[in-house]
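Each remark here refers to the structure printed beneath this line.
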2 protein chains.
Amino acid sequence: MPLDDYRITSGKRFNLAGFDPGSKPFTQGDKQDDQARIAQLSGELDLEQDIFYAEHRRKILVVLQGMDTSGKDGTVRSVFRSFDPLGIRVVSFKAPTPEELARDYLWRVHLQVPRAGEIVLFNRSHYEDVLITRVHGWIDGDECERRYRQIRAFETLLTETGTTIVKCFLHISKDEQKARLEARLADPQKQWKFDPTDLAERKHWKAYMDAYESAIAATSTPECPWYIVPADSKTHRNLMVAEILSAVFRQLKPAYPPPQPDLAKVKIE
Amino acid sequence: MPLDDYRITSGKRFNLAGFDPGSKPFTQGDKQDDQARIAQLSGELDLEQDIFYAEHRRKILVVLQGMDTSGKDGTVRSVFRSFDPLGIRVVSFKAPTPEELARDYLWRVHLQVPRAGEIVLFNRSHYEDVLITRVHGWIDGDECERRYRQIRAFETLLTETGTTIVKCFLHISKDEQKARLEARLADPQKQWKFDPTDLAERKHWKAYMDAYESAIAATSTPECPWYIVPADSKTHRNLMVAEILSAVFRQLKPAYPPPQPDLAKVKIE
């Protein structure tokens, strides 16, 4: 099954450069075919989510990471738009506030983990604490290794207490980012998404790829894998994230709570 | 315009019994026609929400109140399902926790108000603090009047700082509630929604209607009106909430932030 090739469950032999951001491993043919498959998966996912919410027992945490313009917002919009808002919540992590900085870096993350029956999407995450911090030298190699270990322990806590964690790296090429930044600048309706600091981060592209490769290798386990999502094609990126979610639900097999026989006798006046 | 007839902007002469839960003031004909109109409105609302999110300036708070089975969850699911999860958030208020009870009753509500560009749906709200509390005599008439005043002041603060508050009372009949509770009991896939305490509250139907009438009369202003939504028909309830949202956006006229001429000169390397 091709999804196995994009699911990283161990740091051994993991090489980010081995993944082509322009590839389309799940394509059904052309763009229309892919959109049709997304529509089909969306219908199935909607139903699964409703049952997962009714089940009210387990939790799902989807972590979306990627360079600027890699499509984190777009994935939320396209793949999760038809989900019932009662059971889904998006948390966008920005630069930490003074209140947050006064605690450990996982404090604000722990506050936002999903509750029973809920699916939470992290738009950026605690991984920024081993990415931007590492690229800019705000933490050294020892501290970075310590954080990898802390993150593994934190994620183990979550998985052992009923949370399925789905970590997606939206993998775009530097050329594709250039095209998307230019599109933002050119379109008055997209200019609001443009942030000049994105250009500063872009200069560190190679360092970011190294930091991602290292972080993914250090935090991929069979229970808590990373998925490498080729993301130069927006349609295929959405398709692949929908396929990943579909596989997660196939494994979880959500079910309605069992009927309660004594309720059959209740009389309503 | 018929919406004016269902928008309560003053407590004077407000009489809840004058509204028939079975009426369908916005119907386009039959159920299929209404669903077609909902689909049309959904498309328009989606676009307006995207622009509202991009504008990142004002806020919308939708308060959903109503008796058990009146369709608060169903309204979220049907009317707001296609909204971009990035810009919408549902807050379901349950019985307060000890942490919450240790503060004033508006504390947990204030924590959850929408941020710039966000639409927040309150599934139940601070109005429970003048409804269930009043029906069961946990607060007396004087305290209830005091809370009406506090709520008016709190909502004035929100509206004066950029929040549009849309308060919807989903108005069902006692007979319709009976039918829906029976349907929950009979359907194994709906039994999980059944809560035996709902039957206890049902016994106080008349007291609840009085408490709603009083609360709505005391907290309806031109800036922060209540809408009475006849809710015996689920399809028409969804249609009417969509019409209300549509009218709100027509008034707010969301717009993309203005283009920034200096950005045109930016060169991406």
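Scheme for the structure tokens: letters A, B, ... for chains in order shown; per-chain residue numbers from 1; ligand numbers from 1 in order shown.
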Checklist line | DSSP helix (DSSP H, G or I) residues within stretch 30-231 of chain A, listed as a PyMOL selection string | finding: chain A and resi 31-55+72-79+85-87+98-101+107-110+126-130+132-135+141-160+174-186+191-193+196-202+205-219
Next item on the list: Write out as a ChimeraX atom specification each polymer residue whose atoms come within 12 Å of B:Asp187, counting only C-alpha atoms; drop sequence neighbours fewer than 3 positions from it.
Entry: /A:256-261,263-264 /B:180-184,190-194
Can I get the selection written as a PDB file, in the first residue's frame, with N, CA, C and O atoms?
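What ended up in again23.pdb:
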```pdb
ATOM      1  N   TYR A 256     -21.043   3.692  17.314  1.00  0.00           N
ATOM      2  CA  TYR A 256     -21.993   4.325  18.224  1.00  0.00           C
ATOM      3  C   TYR A 256     -21.940   3.626  19.579  1.00  0.00           C
ATOM      4  O   TYR A 256     -21.685   2.418  19.644  1.00  0.00           O
ATOM      5  N   PRO A 257     -22.154   4.363  20.664  1.00  0.00           N
ATOM      6  CA  PRO A 257     -22.217   3.701  21.973  1.00  0.00           C
ATOM      7  C   PRO A 257     -23.297   2.623  21.938  1.00  0.00           C
ATOM      8  O   PRO A 257     -24.292   2.763  21.220  1.00  0.00           O
ATOM      9  N   PRO A 258     -23.130   1.532  22.696  1.00  0.00           N
ATOM     10  CA  PRO A 258     -24.112   0.456  22.640  1.00  0.00           C
ATOM     11  C   PRO A 258     -25.477   0.915  23.150  1.00  0.00           C
ATOM     12  O   PRO A 258     -25.545   1.763  24.045  1.00  0.00           O
ATOM     13  N   PRO A 259     -26.570   0.394  22.567  1.00  0.00           N
ATOM     14  CA  PRO A 259     -27.918   0.738  23.045  1.00  0.00           C
ATOM     15  C   PRO A 259     -28.074   0.307  24.506  1.00  0.00           C
ATOM     16  O   PRO A 259     -27.444  -0.654  24.949  1.00  0.00           O
ATOM     17  N   GLN A 260     -28.883   1.055  25.234  1.00  0.00           N
ATOM     18  CA  GLN A 260     -29.120   0.723  26.637  1.00  0.00           C
ATOM     19  C   GLN A 260     -30.520   0.132  26.762  1.00  0.00           C
ATOM     20  O   GLN A 260     -31.506   0.842  26.615  1.00  0.00           O
ATOM     21  N   PRO A 261     -30.628  -1.183  27.040  1.00  0.00           N
ATOM     22  CA  PRO A 261     -31.930  -1.855  27.017  1.00  0.00           C
ATOM     23  C   PRO A 261     -32.956  -1.208  27.951  1.00  0.00           C
ATOM     24  O   PRO A 261     -34.137  -1.146  27.618  1.00  0.00           O
ATOM     25  N   LEU A 263     -33.505   1.801  28.546  1.00  0.00           N
ATOM     26  CA  LEU A 263     -34.111   3.016  27.986  1.00  0.00           C
ATOM     27  C   LEU A 263     -35.393   2.700  27.225  1.00  0.00           C
ATOM     28  O   LEU A 263     -36.265   3.548  27.082  1.00  0.00           O
ATOM     29  N   ALA A 264     -35.508   1.446  26.751  1.00  0.00           N
ATOM     30  CA  ALA A 264     -36.689   1.083  25.963  1.00  0.00           C
ATOM     31  C   ALA A 264     -37.957   1.199  26.793  1.00  0.00           C
ATOM     32  O   ALA A 264     -39.061   1.355  26.253  1.00  0.00           O
TER      33      ALA A 264
ATOM     34  N   ARG B 180     -39.494  14.012  19.519  1.00  0.00           N
ATOM     35  CA  ARG B 180     -38.038  13.889  19.306  1.00  0.00           C
ATOM     36  C   ARG B 180     -37.377  13.036  20.390  1.00  0.00           C
ATOM     37  O   ARG B 180     -36.455  12.281  20.117  1.00  0.00           O
ATOM     38  N   LEU B 181     -37.839  13.166  21.619  1.00  0.00           N
ATOM     39  CA  LEU B 181     -37.293  12.327  22.686  1.00  0.00           C
ATOM     40  C   LEU B 181     -37.620  10.854  22.401  1.00  0.00           C
ATOM     41  O   LEU B 181     -36.764   9.971  22.578  1.00  0.00           O
ATOM     42  N   GLU B 182     -38.822  10.592  21.955  1.00  0.00           N
ATOM     43  CA  GLU B 182     -39.206   9.208  21.628  1.00  0.00           C
ATOM     44  C   GLU B 182     -38.365   8.670  20.482  1.00  0.00           C
ATOM     45  O   GLU B 182     -37.953   7.507  20.489  1.00  0.00           O
ATOM     46  N   ALA B 183     -38.076   9.531  19.525  1.00  0.00           N
ATOM     47  CA  ALA B 183     -37.243   9.098  18.393  1.00  0.00           C
ATOM     48  C   ALA B 183     -35.831   8.760  18.865  1.00  0.00           C
ATOM     49  O   ALA B 183     -35.214   7.799  18.397  1.00  0.00           O
ATOM     50  N   ARG B 184     -35.325   9.542  19.822  1.00  0.00           N
ATOM     51  CA  ARG B 184     -33.992   9.253  20.359  1.00  0.00           C
ATOM     52  C   ARG B 184     -33.971   7.887  21.047  1.00  0.00           C
ATOM     53  O   ARG B 184     -33.019   7.122  20.933  1.00  0.00           O
ATOM     54  N   LYS B 190     -29.222   7.055  18.007  1.00  0.00           N
ATOM     55  CA  LYS B 190     -29.495   8.349  18.633  1.00  0.00           C
ATOM     56  C   LYS B 190     -29.564   8.261  20.154  1.00  0.00           C
ATOM     57  O   LYS B 190     -29.611   9.286  20.830  1.00  0.00           O
ATOM     58  N   GLN B 191     -29.568   7.040  20.682  1.00  0.00           N
ATOM     59  CA  GLN B 191     -29.721   6.878  22.128  1.00  0.00           C
ATOM     60  C   GLN B 191     -28.641   7.612  22.921  1.00  0.00           C
ATOM     61  O   GLN B 191     -28.893   8.067  24.042  1.00  0.00           O
ATOM     62  N   TRP B 192     -27.446   7.727  22.354  1.00  0.00           N
ATOM     63  CA  TRP B 192     -26.355   8.388  23.078  1.00  0.00           C
ATOM     64  C   TRP B 192     -26.687   9.843  23.383  1.00  0.00           C
ATOM     65  O   TRP B 192     -26.091  10.440  24.281  1.00  0.00           O
ATOM     66  N   LYS B 193     -27.632  10.428  22.636  1.00  0.00           N
ATOM     67  CA  LYS B 193     -27.988  11.817  22.901  1.00  0.00           C
ATOM     68  C   LYS B 193     -29.025  11.938  24.017  1.00  0.00           C
ATOM     69  O   LYS B 193     -29.336  13.030  24.479  1.00  0.00           O
ATOM     70  N   PHE B 194     -29.607  10.795  24.428  1.00  0.00           N
ATOM     71  CA  PHE B 194     -30.663  10.847  25.428  1.00  0.00           C
ATOM     72  C   PHE B 194     -30.078  11.014  26.828  1.00  0.00           C
ATOM     73  O   PHE B 194     -29.173  10.300  27.229  1.00  0.00           O
TER      74      PHE B 194
END
```
Note to self: I want to know what sits within 9 Å of B:Met240, based on only C-alpha atoms, with residues of the same chain fewer than 4 positions away left out; could you give that as a PyMOL selection string?
What the structure shows: chain B and resi 3+24-27+38+229-230+235-236+244-245
Next item on the list: Select, from A:Phe52, A:Phe249, A:Phe154, A:Tyr148, the residue with the minimum atom-to-atom distance to chain B, counting only C-alpha atoms.
Entry: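 Closest candidate: A:Phe52.
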Next item on the list: Tell me, in Å to one decimal, how far atom CA of B:Trp205 is from atom CA of B:Gln177.
Entry: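 Distance reported for this atom pair: 10.5 Å.
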Check: With only C-alpha atoms as the atoms that count, which of B:Phe122, B:Tyr6, B:Tyr227, B:Tyr105 lies nearest to chain A?
Finding: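 Result for the nearest residue to chain A: B:Phe122.
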Please provide the set of residues having any atom within 8 Å of B:Met67, restricted to only C-alpha atoms, with same-chain residues fewer than 5 positions apart removed, written as a CSV table (one decimal) with C-alpha atoms, in the first residue's frame.
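As written to disk, result03.csv reads:
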```csv
chain,number,residue,atom,x,y,z
B,170,LEU,CA,-35.0,27.9,18.8
B,171,HIS,CA,-38.7,27.6,19.6
B,172,ILE,CA,-40.2,24.2,19.7
```
Next item on the list: Using only C-alpha atoms, determine which residues lie at most 10 Å from B:Val248, disregarding the query and same-chain residues fewer than 6 positions distant; provide the list as a PyMOL selection string.
Entry: chain B and resi 60+164-166+242
Item checked: Spatial neighbours of A:Trp226, 6 Å, only C-alpha atoms, chain gap at least 6 places, as a list in words ->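 Using only C-alpha atoms, the neighbours found are Arg7, Ile8, Lys167, Cys168 and Ser220 of chain A.
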For the residues in the current selection, export C-alpha atoms as a PDB file, in the first residue's frame.
```
ATOM      1  CA  ARG A   7       4.464   7.141   6.747  1.00  0.00           C
ATOM      2  CA  ILE A   8       7.654   7.551   8.768  1.00  0.00           C
ATOM      3  CA  LYS A 167       1.585  14.444  11.999  1.00  0.00           C
ATOM      4  CA  CYS A 168       1.689  15.801   8.447  1.00  0.00           C
ATOM      5  CA  SER A 220       8.656   9.240  14.323  1.00  0.00           C
TER       6      SER A 220
END
```
Note to self: Run DSSP on the backbone and tell me which residues of stretch 51-160 of chain A come out as strand (DSSP E); list them as a list in words.
What the structure shows: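 Matching residues for strand (DSSP E) in stretch 51-160 of chain A are Lys59, Ile60, Leu61, Val62, Val63, Leu64, Gln65, Gly66, Ile88, Arg89, Val90, Val91, Ser92, Ile119, Val120, Leu121, Phe122 and Asn123 of chain A.
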Checklist line | For atom CA of A:Arg81 and atom CA of B:Pro85, the interatomic separation in Å (one decimal) | finding: 5.9 Å
Notebook entry, point to check: What is the atom CA of A:Ala215 to atom CA of A:Val241 distance in Å?
Noted result: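 Rounded to one decimal, the two atoms are 20.3 Å apart.
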Determine, for each residue of stretch 10-97 of chain A having at least one atom at most 9 Å from an atom of stretch 109-117 of chain A, the closest pair of atoms and their separation in Å to one decimal, counting only C-alpha atoms; order by chain and ascending number, as CSV.
```
residue,atom,partner,partner_atom,distance
A:Gln49,CA,A:Gly117,CA,8.6
A:Ile51,CA,A:Gly117,CA,8.8
A:Phe52,CA,A:Gly117,CA,5.6
A:Tyr53,CA,A:Gly117,CA,4.2
A:Ala54,CA,A:Gly117,CA,6.9
A:Glu55,CA,A:Gly117,CA,6.4
A:His56,CA,A:Gly117,CA,4.0
A:Arg57,CA,A:Ala116,CA,4.8
A:Arg58,CA,A:Ala116,CA,5.2
A:Lys59,CA,A:Ala116,CA,5.3
A:Ile60,CA,A:Pro114,CA,6.7
A:Leu61,CA,A:Pro114,CA,6.5
A:Gly87,CA,A:Gly117,CA,6.7
A:Ile88,CA,A:Pro114,CA,8.8
A:Arg89,CA,A:Pro114,CA,8.2
A:Val91,CA,A:Gln112,CA,7.3
A:Phe93,CA,A:Val109,CA,8.6
```
Spatial neighbours of stretch 142-146 of chain B, max dist 8 Å, only C-alpha atoms, sep filter under 4 positions, as a JSON list (two decimals) with N, CA and C atoms, in the first residue's frame:
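What follows is the written file out_36.json:
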```
[["chain", "number", "residue", "atom", "x", "y", "z"],
["B", 130, "VAL", "N", -29.86, 32.62, 33.81],
["B", 130, "VAL", "CA", -31.15, 33.24, 34.15],
["B", 130, "VAL", "C", -32.31, 32.36, 33.71],
["B", 134, "ARG", "N", -33.35, 30.12, 37.39],
["B", 134, "ARG", "CA", -34.59, 30.80, 37.79],
["B", 134, "ARG", "C", -35.72, 29.79, 37.94],
["B", 150, "GLN", "N", -26.63, 42.90, 34.31],
["B", 150, "GLN", "CA", -25.21, 42.55, 34.09],
["B", 150, "GLN", "C", -25.00, 42.01, 32.67]]
```
